[in-house]
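S.K.: See model.txt below, with compact mmCIF, C-alpha atoms and all ligand atoms.
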```txt
# COMPACT_ATOMS: atom_id res chain seq x y z
CA MET A 294 -138.83 136.66 11.97
CA ILE A 295 -140.98 139.75 11.58
CA GLN A 296 -141.43 142.06 14.59
CA GLU A 297 -144.26 144.61 14.64
CA THR A 298 -142.62 147.88 15.63
CA ILE A 299 -143.01 151.64 15.41
CA VAL A 300 -140.44 153.31 13.16
CA THR A 301 -139.57 156.96 13.78
CA THR A 302 -137.73 158.88 11.06
CA GLN A 303 -136.96 162.52 10.35
CA ASN A 304 -136.73 164.53 7.16
CA GLY A 305 -133.87 166.94 6.43
CA GLU A 306 -135.70 169.70 8.32
CA GLY A 307 -135.93 167.60 11.48
CA ILE A 308 -139.68 166.88 11.25
CA THR A 309 -140.38 163.51 12.84
CA HIS A 310 -142.61 160.89 11.23
CA ILE A 311 -144.08 157.94 13.17
CA ALA A 312 -145.26 154.76 11.40
CA PRO A 313 -145.99 151.13 12.39
CA MET A 314 -143.82 148.76 10.35
CA GLY A 315 -143.26 144.99 10.34
CA ILE A 316 -139.47 144.69 10.52
CA HIS A 317 -137.61 141.60 9.31
CA VAL A 318 -135.03 140.76 11.98
CA LYS A 319 -131.77 138.90 11.32
CA GLY A 320 -129.49 139.03 14.37
CA ASP A 321 -128.26 142.60 14.63
CA SER A 322 -129.60 143.57 11.19
CA PHE A 323 -133.05 144.67 10.11
CA ILE A 324 -134.89 144.90 6.81
CA ILE A 325 -137.55 147.61 6.61
CA LEU A 326 -140.04 147.24 3.73
CA PRO A 327 -142.14 150.35 3.15
CA PHE A 328 -144.84 150.27 0.45
CA ARG A 329 -144.52 153.20 -1.97
CA PRO A 330 -145.49 155.98 -1.53
CA SER A 331 -144.07 156.28 1.99
CA THR A 332 -142.84 159.15 4.15
CA THR A 333 -140.74 156.63 6.11
CA LEU A 334 -139.00 155.62 2.87
CA ASN A 335 -138.46 159.25 1.81
CA ASN A 336 -136.99 160.11 5.20
CA PHE A 337 -134.61 157.11 5.17
CA LEU A 338 -133.48 158.06 1.67
CA GLU A 339 -132.86 161.62 2.83
CA THR A 340 -131.19 161.15 6.24
CA LYS A 341 -130.15 157.42 6.16
CA VAL A 342 -131.03 156.92 9.85
CA GLY A 343 -134.09 156.08 11.94
CA VAL A 344 -135.30 154.50 15.17
CA ILE A 345 -137.05 151.16 15.62
CA ASN A 346 -139.23 151.38 18.74
CA TYR A 347 -140.39 148.25 20.59
CA CYS A 348 -143.66 149.30 22.09
CA ASP A 349 -146.50 147.48 23.89
CA ASP A 350 -148.87 150.47 23.94
CA VAL A 351 -151.05 149.41 21.03
CA ARG A 352 -152.70 152.84 20.97
CA VAL A 353 -149.65 154.03 19.00
CA PHE A 354 -150.27 151.37 16.31
CA ALA A 355 -154.03 152.02 16.16
CA GLY A 356 -153.51 155.78 16.54
CA CYS A 357 -151.15 156.09 13.57
CA LEU A 358 -153.66 154.24 11.37
CA THR A 359 -156.57 156.44 12.53
CA GLY A 360 -154.98 159.89 12.28
CA ARG A 361 -153.56 160.16 15.82
CA LYS A 362 -149.85 160.66 15.18
CA ASP A 363 -148.87 163.04 17.96
CA TRP A 364 -147.12 160.72 20.43
CA PRO A 365 -144.60 161.96 23.04
CA LEU A 366 -140.96 161.68 21.88
CA LYS A 367 -137.49 162.10 23.35
CA PRO A 368 -134.11 162.57 21.60
CA ALA A 369 -132.23 159.52 20.29
CA GLN A 370 -128.76 158.97 21.73
CA GLU A 371 -126.38 158.31 18.82
CA ILE A 372 -128.24 159.73 15.82
CA SER A 373 -130.24 162.81 15.01
CA GLY A 374 -133.70 161.35 15.57
CA LYS A 375 -136.49 160.75 18.08
CA VAL A 376 -137.49 157.81 20.32
CA LEU A 377 -141.07 157.11 21.44
CA ASP A 378 -141.46 157.96 25.12
CA CYS A 379 -143.48 154.79 25.67
CA ALA A 380 -140.97 152.43 23.97
CA LEU A 381 -139.86 149.51 26.15
CA ALA A 382 -136.63 149.47 24.11
CA HIS A 383 -135.34 150.97 20.90
CA SER A 384 -132.66 150.49 18.24
CA GLU A 385 -131.08 153.35 16.34
CA VAL A 386 -130.27 152.17 12.81
CA ILE A 387 -128.50 153.29 9.65
CA VAL A 388 -129.33 152.16 6.11
CA ALA A 389 -126.43 150.01 4.85
CA SER A 390 -127.90 149.18 1.44
CA ILE A 391 -131.14 149.35 -0.54
CA GLU A 392 -132.74 146.79 -2.83
CA GLU A 393 -134.83 148.84 -5.23
CA ASP A 394 -138.38 147.77 -6.04
CA GLU A 395 -141.25 149.65 -7.69
CA THR A 396 -143.73 148.55 -5.04
CA ARG A 397 -141.81 147.74 -1.87
CA PRO A 398 -138.06 148.48 -1.71
CA LYS A 399 -135.96 146.76 0.95
CA LEU A 400 -133.93 148.91 3.33
CA PHE A 401 -131.14 146.82 4.87
CA CYS A 402 -130.23 148.46 8.18
CA LYS A 403 -127.43 148.04 10.72
CA THR A 404 -127.83 148.79 14.40
CA LEU A 405 -125.79 151.69 15.80
CA HIS A 406 -127.20 151.70 19.32
CA THR A 407 -129.81 149.81 21.37
CA ALA A 408 -131.26 150.75 24.75
CA ASN A 409 -133.77 149.24 27.18
CA HIS A 410 -136.18 151.51 29.03
CA ALA A 411 -138.78 149.29 30.75
CA PRO A 412 -139.38 145.56 31.27
CA PHE A 413 -141.39 143.44 28.83
CA LYS A 414 -144.37 142.24 30.85
CA GLY A 415 -145.56 139.30 28.77
CA PHE A 416 -147.92 138.61 25.89
CA ASN A 417 -151.50 139.85 25.78
CA ARG A 418 -154.19 138.57 23.44
CA ALA A 419 -156.01 141.90 23.25
CA GLN A 420 -152.82 143.56 22.01
CA PHE A 421 -152.66 140.94 19.25
CA SER A 422 -156.31 141.69 18.39
CA VAL A 423 -155.61 145.42 18.09
CA LEU A 424 -152.51 144.86 15.92
CA GLU A 425 -154.42 142.54 13.56
CA ALA A 426 -157.37 144.92 13.38
CA ALA A 427 -154.99 147.84 12.67
CA ILE A 428 -153.50 145.88 9.77
CA LEU A 429 -157.02 145.07 8.60
CA ILE A 430 -158.01 148.74 8.37
CA SER A 431 -154.90 149.49 6.31
CA ARG A 432 -156.42 147.12 3.70
CA LEU A 433 -160.16 147.86 3.98
CA ASP A 434 -160.57 148.74 0.31
CA MET A 435 -159.04 145.42 -0.75
CA LEU A 436 -161.27 143.19 1.41
CA PRO A 437 -164.91 142.08 1.06
CA LEU A 438 -167.22 143.21 3.90
CA GLN A 439 -167.95 139.64 4.95
CA LYS A 440 -164.24 138.91 5.48
CA ILE A 441 -163.77 142.13 7.49
CA GLU A 442 -166.74 141.26 9.71
CA SER A 443 -165.66 137.66 10.33
CA GLU A 444 -162.09 138.71 11.22
CA ILE A 445 -163.30 141.42 13.59
CA ASN A 446 -165.66 138.95 15.28
CA TYR A 447 -162.80 136.52 15.84
CA LEU A 448 -160.43 139.22 17.15
CA ARG A 449 -163.15 140.43 19.56
CA ILE A 450 -162.87 137.15 21.51
CA GLY A 451 -159.30 137.73 22.76
CA LEU A 452 -160.04 141.40 23.22
CA GLY A 453 -163.09 140.77 25.40
CA LYS A 454 -161.24 138.31 27.62
CA THR A 455 -157.94 140.15 28.17
CA ALA A 456 -158.06 143.87 27.29
CA GLY A 457 -157.00 146.70 29.58
CA GLU A 458 -157.93 150.35 29.12
CA ARG A 459 -155.27 151.06 26.48
CA GLU A 460 -156.40 148.15 24.32
CA LEU A 461 -160.08 149.11 24.61
CA GLU A 462 -159.33 152.71 23.62
CA ALA A 463 -157.27 151.56 20.61
CA TRP A 464 -159.99 149.09 19.58
CA ALA A 465 -162.65 151.83 19.70
CA TRP A 466 -160.60 154.03 17.32
CA ILE A 467 -160.32 151.15 14.88
CA MET A 468 -164.02 150.25 15.11
CA GLU A 469 -164.92 153.86 14.25
CA VAL A 470 -163.02 153.45 10.95
CA VAL A 471 -164.57 150.01 10.28
CA ASP A 472 -168.10 151.31 10.96
CA ASN A 473 -167.60 154.31 8.65
CA HIS A 474 -166.30 152.01 5.95
CA LYS A 475 -169.31 149.69 6.32
CA ARG A 476 -171.72 152.64 6.05
CA ASN A 477 -169.97 153.90 2.90
CA VAL A 478 -169.97 150.48 1.23
CA LYS A 479 -173.64 149.85 2.04
CA THR A 480 -174.92 153.24 0.77
C1 LIG B 501 -148.74 146.20 12.63
C2 LIG B 501 -148.55 146.99 11.36
C3 LIG B 501 -147.48 146.69 10.50
C4 LIG B 501 -147.28 147.42 9.32
N1 LIG B 501 -146.21 147.12 8.52
C5 LIG B 501 -145.99 147.86 7.40
C6 LIG B 501 -144.86 147.60 6.57
O1 LIG B 501 -144.05 146.69 6.84
N2 LIG B 501 -144.69 148.37 5.47
C7 LIG B 501 -145.56 149.41 5.15
O2 LIG B 501 -145.34 150.10 4.16
N3 LIG B 501 -146.65 149.65 5.92
C8 LIG B 501 -146.88 148.91 7.03
N4 LIG B 501 -147.98 149.17 7.80
C9 LIG B 501 -148.90 150.27 7.42
C10 LIG B 501 -148.23 151.62 7.68
O3 LIG B 501 -147.95 151.83 9.04
C11 LIG B 501 -149.06 152.80 7.18
O4 LIG B 501 -149.57 152.54 5.90
C12 LIG B 501 -148.18 154.01 7.13
O5 LIG B 501 -148.95 155.11 6.73
C13 LIG B 501 -146.95 153.79 6.23
O6 LIG B 501 -146.69 154.83 5.36
P1 LIG B 501 -145.71 156.04 5.72
O7 LIG B 501 -144.31 155.57 5.76
O8 LIG B 501 -146.00 157.02 4.63
O9 LIG B 501 -146.21 156.55 7.06
C14 LIG B 501 -148.19 148.47 8.98
C15 LIG B 501 -149.26 148.76 9.83
C16 LIG B 501 -149.46 148.02 11.01
C17 LIG B 501 -150.62 148.36 11.91
```
Rewrite the structure from the file as structure tokens, please.
Ligand SMILES: Cc1cc2nc3c(=O)[nH]c(=O)nc-3n(C[C@H](O)[C@H](O)[C@H](O)COP(=O)(O)O)c2cc1C
M.R.:
Amino acid sequence: MIQETIVTTQNGEGITHIAPMGIHVKGDSFIILPFRPSTTLNNFLETKVGVINYCDDVRVFAGCLTGRKDWPLKPAQEISGKVLDCALAHSEVIVASIEEDETRPKLFCKTLHTANHAPFKGFNRAQFSVLEAAILISRLDMLPLQKIESEINYLRIGLGKTAGERELEAWAWIMEVVDNHKRNVKT
């Protein structure tokens, strides 16, 4: 199964990097697959450790893809690293092995520590819409305008019926990027 998470890593100088990543989950083990070039990959290669944050505030996902990367953090417990303040839970992981690949290496990780911080409050369709739209804008240059528009129109249905303030804010950030892209393609 693939879980959509926020991965926090640090470089050797202790600078934290925050990135949404789809993590392959197998029991207590995770596979992280960053596309090159990737700061997350560089940081894992340098320090070997990182944090997988389970987070239902979709503004972090949309924010990272739209240039808003300054999210509140707190220290991790067992590694030198940072945890998202808004994470419902997190796992601190260490890279056990790497499968090299020119495009998308696989980082096989083992869990060192897991902690819960707040209850999971159920699924929300607007959160799904924001996640899908965030993935869409990471691929804008690869997709025809018609496909972008039809996907956005579909995702708007769940958003309109179920969004709260966080989801609406995140959606607006994404739509700004989509609208700019449409203007650039049409001119
Ligand atoms: C829900 C979601 C899942 C993503 N999963 C991945 C992933 O598995 N691998 C990846 O390289 N980028 C993924 N991305 C895109 C990255 O978050 C984004 O490109 C980021 O800048 C990664 O590069 P970095 O490590 O240099 O920050 C995902 C984005 C979203 C919104």
S.K.: Throw together the list of residues within 8 Å of ligand LIG 501 (chain B), counting all atoms listed in the file, and drop it here as a VMD selection string.
M.R.: chain A and resid 297 to 298 310 to 316 325 to 335 354 to 355 357 to 358 397 424 to 429 431
S.K.: Find the residues around Pro368 in chain A up to 12 Å (all atoms listed in the file counted), leave out those fewer than 3 positions away in its own chain, and share them as number ranges by chain.
M.R.: A: 301-303, 307, 309, 343-344, 365, 371-378, 383, 385
S.K.: Compare A:Ile450, A:Ile299, A:Ala456, A:Leu433 by their minimum atom-to-atom distance to Asn473 in chain A, counting all atoms listed in the file, and give me the closest one.
M.R.: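 Closest candidate: A:Leu433.
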S.K.: Report, in Å to a single decimal, how far apart CA of Asp349 in chain A and CA of Cys379 in chain A are.
M.R.: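 So the answer is 8.1 Å.
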S.K.: Looking at all atoms listed in the file, which of A:Leu381, A:Val353, A:Glu458, A:Leu448 is the one that sits closest to Asn409 in chain A?
M.R.: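 Looking at the shortest contact to Asn409 in chain A, the residue is A:Leu381.
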S.K.: Just how far from CA of Ser322 in chain A is CA of Phe401 in chain A, in Å to one decimal?
M.R.: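 Interatomic distance, CA of Phe401 in chain A to CA of Ser322 in chain A: 7.3 Å.
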S.K.: Check the smallest atom-to-atom distance from each of A:Thr407, A:Pro398, A:Leu366, A:Gly356 to Glu469 in chain A using all atoms listed in the file, then report the winner.
M.R.: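 That would be A:Gly356, the residue with the smallest distance to Glu469 in chain A.
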S.K.: Go through A:Val351, A:Ala408, A:Val386, A:Met435 one by one, measure the shortest atom-to-atom distance of each to Arg459 in chain A using all atoms listed in the file, and give the residue with the smallest value.
M.R.: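 Using all atoms listed in the file, Arg459 in chain A sits closest to A:Val351.
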S.K.: May I ask for the distance between CA of Val470 in chain A and CA of Asp350 in chain A, given in Å to one decimal place?
M.R.: 19.4 Å
S.K.: Return the single residue from A:Thr455, A:Ser390, A:Ser384, A:Thr359 that is closest to Arg418 in chain A, with distances computed using only C-alpha atoms.
M.R.: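 Checking each of A:Thr455, A:Ser390, A:Ser384, A:Thr359 against Arg418 in chain A, counting only C-alpha atoms, the winner is A:Thr455.
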S.K.: Might you pull out every residue within 8 Å of Trp464 in chain A, with all atoms listed in the file counted and same-chain residues fewer than 3 positions away left off, and present them as a compact mmCIF listing (two decimals) with C-alpha atoms, in the coordinates of the input?
M.R.:
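Here's the written file selection34.txt:
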```
# COMPACT_ATOMS: atom_id res chain seq x y z
CA ALA A 355 -154.03 152.02 16.16
CA VAL A 423 -155.61 145.42 18.09
CA ALA A 426 -157.37 144.92 13.38
CA GLU A 460 -156.40 148.15 24.32
CA LEU A 461 -160.08 149.11 24.61
CA ILE A 467 -160.32 151.15 14.88
CA MET A 468 -164.02 150.25 15.11
```
S.K.: Using only C-alpha atoms, which residues sit within 12 Å of Lys319 in chain A once same-chain residues fewer than 6 positions away are excluded, as a PyMOL selection string?
M.R.: chain A and resi 294-296+325+401-404
S.K.: Might I get the box with edges along x, y and z of the file that holds all atoms of range 395-414 of chain A listed there, padded by 6 Å on every side, given as centre and edge lengths in Å to one decimal, as lines of an AutoDock Vina configuration file?
M.R.:
```
center_x = -135.1
center_y = 147.0
center_z = 11.8
size_x = 30.6
size_y = 21.5
size_z = 51.0
```
S.K.: Restricting the calculation to all atoms listed in the file, which member of A:Leu400, A:Lys367, A:Lys362, A:Glu393 is positioned closest to His317 in chain A?
M.R.: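 Under the stated criterion, the closest residue is A:Leu400.
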S.K.: Starting from the incomplete input, reconstruct N, CA and C atoms of range 412-441 of chain A and write that as an mmCIF file, in the coordinates of the input.
M.R.:
```cif
data_model
loop_
_atom_site.group_PDB
_atom_site.id
_atom_site.type_symbol
_atom_site.label_atom_id
_atom_site.label_comp_id
_atom_site.auth_asym_id
_atom_site.auth_seq_id
_atom_site.Cartn_x
_atom_site.Cartn_y
_atom_site.Cartn_z
ATOM 1 N N PRO A 412 -139.303 147.009 31.491
ATOM 2 C CA PRO A 412 -139.380 145.560 31.270
ATOM 3 C C PRO A 412 -140.535 145.159 30.354
ATOM 4 N N PHE A 413 -140.321 144.079 29.590
ATOM 5 C CA PHE A 413 -141.390 143.440 28.830
ATOM 6 C C PHE A 413 -142.231 142.660 29.822
ATOM 7 N N LYS A 414 -143.547 142.848 29.805
ATOM 8 C CA LYS A 414 -144.370 142.240 30.850
ATOM 9 C C LYS A 414 -145.203 141.060 30.377
ATOM 10 N N GLY A 415 -144.865 140.502 29.214
ATOM 11 C CA GLY A 415 -145.560 139.300 28.770
ATOM 12 C C GLY A 415 -146.527 139.576 27.640
ATOM 13 N N PHE A 416 -147.027 138.496 27.043
ATOM 14 C CA PHE A 416 -147.920 138.610 25.890
ATOM 15 C C PHE A 416 -149.348 138.911 26.352
ATOM 16 N N ASN A 417 -150.117 139.522 25.471
ATOM 17 C CA ASN A 417 -151.500 139.850 25.780
ATOM 18 C C ASN A 417 -152.338 139.675 24.528
ATOM 19 N N ARG A 418 -153.400 138.895 24.632
ATOM 20 C CA ARG A 418 -154.190 138.570 23.440
ATOM 21 C C ARG A 418 -154.907 139.790 22.870
ATOM 22 N N ALA A 419 -155.303 140.719 23.749
ATOM 23 C CA ALA A 419 -156.010 141.900 23.250
ATOM 24 C C ALA A 419 -155.062 142.779 22.419
ATOM 25 N N GLN A 420 -153.783 142.787 22.803
ATOM 26 C CA GLN A 420 -152.820 143.560 22.010
ATOM 27 C C GLN A 420 -152.698 142.953 20.608
ATOM 28 N N PHE A 421 -152.677 141.633 20.547
ATOM 29 C CA PHE A 421 -152.660 140.940 19.250
ATOM 30 C C PHE A 421 -153.902 141.337 18.439
ATOM 31 N N SER A 422 -155.067 141.341 19.095
ATOM 32 C CA SER A 422 -156.310 141.690 18.390
ATOM 33 C C SER A 422 -156.228 143.087 17.799
ATOM 34 N N VAL A 423 -155.697 144.038 18.582
ATOM 35 C CA VAL A 423 -155.610 145.420 18.090
ATOM 36 C C VAL A 423 -154.644 145.501 16.915
ATOM 37 N N LEU A 424 -153.488 144.829 17.021
ATOM 38 C CA LEU A 424 -152.510 144.860 15.920
ATOM 39 C C LEU A 424 -153.124 144.302 14.636
ATOM 40 N N GLU A 425 -153.806 143.159 14.750
ATOM 41 C CA GLU A 425 -154.420 142.540 13.560
ATOM 42 C C GLU A 425 -155.502 143.445 12.980
ATOM 43 N N ALA A 426 -156.292 144.051 13.865
ATOM 44 C CA ALA A 426 -157.370 144.920 13.380
ATOM 45 C C ALA A 426 -156.774 146.182 12.739
ATOM 46 N N ALA A 427 -155.644 146.659 13.268
ATOM 47 C CA ALA A 427 -154.990 147.840 12.670
ATOM 48 C C ALA A 427 -154.496 147.498 11.263
ATOM 49 N N ILE A 428 -153.940 146.296 11.101
ATOM 50 C CA ILE A 428 -153.500 145.880 9.770
ATOM 51 C C ILE A 428 -154.707 145.762 8.835
ATOM 52 N N LEU A 429 -155.789 145.227 9.378
ATOM 53 C CA LEU A 429 -157.020 145.070 8.600
ATOM 54 C C LEU A 429 -157.495 146.423 8.040
ATOM 55 N N ILE A 430 -157.467 147.467 8.889
ATOM 56 C CA ILE A 430 -158.010 148.740 8.370
ATOM 57 C C ILE A 430 -157.045 149.409 7.380
ATOM 58 N N SER A 431 -155.781 148.948 7.355
ATOM 59 C CA SER A 431 -154.900 149.490 6.310
ATOM 60 C C SER A 431 -155.209 148.847 4.957
ATOM 61 N N ARG A 432 -156.094 147.833 4.950
ATOM 62 C CA ARG A 432 -156.420 147.120 3.700
ATOM 63 C C ARG A 432 -157.915 147.086 3.412
ATOM 64 N N LEU A 433 -158.691 147.953 4.070
ATOM 65 C CA LEU A 433 -160.160 147.860 3.980
ATOM 66 C C LEU A 433 -160.675 147.809 2.541
ATOM 67 N N ASP A 434 -160.058 148.660 1.686
ATOM 68 C CA ASP A 434 -160.570 148.740 0.310
ATOM 69 C C ASP A 434 -160.291 147.486 -0.502
ATOM 70 N N MET A 435 -159.386 146.637 -0.005
ATOM 71 C CA MET A 435 -159.040 145.420 -0.750
ATOM 72 C C MET A 435 -159.842 144.204 -0.291
ATOM 73 N N LEU A 436 -160.613 144.362 0.806
ATOM 74 C CA LEU A 436 -161.270 143.190 1.410
ATOM 75 C C LEU A 436 -162.786 143.247 1.302
ATOM 76 N N PRO A 437 -163.439 142.100 1.044
ATOM 77 C CA PRO A 437 -164.910 142.080 1.060
ATOM 78 C C PRO A 437 -165.447 142.268 2.481
ATOM 79 N N LEU A 438 -166.633 142.909 2.579
ATOM 80 C CA LEU A 438 -167.220 143.210 3.900
ATOM 81 C C LEU A 438 -167.347 141.984 4.795
ATOM 82 N N GLN A 439 -167.741 140.862 4.169
ATOM 83 C CA GLN A 439 -167.950 139.640 4.950
ATOM 84 C C GLN A 439 -166.662 139.190 5.640
ATOM 85 N N LYS A 440 -165.535 139.315 4.923
ATOM 86 C CA LYS A 440 -164.240 138.910 5.480
ATOM 87 C C LYS A 440 -163.846 139.858 6.629
ATOM 88 N N ILE A 441 -164.082 141.149 6.441
ATOM 89 C CA ILE A 441 -163.770 142.130 7.490
ATOM 90 C C ILE A 441 -164.577 141.785 8.746
#
```
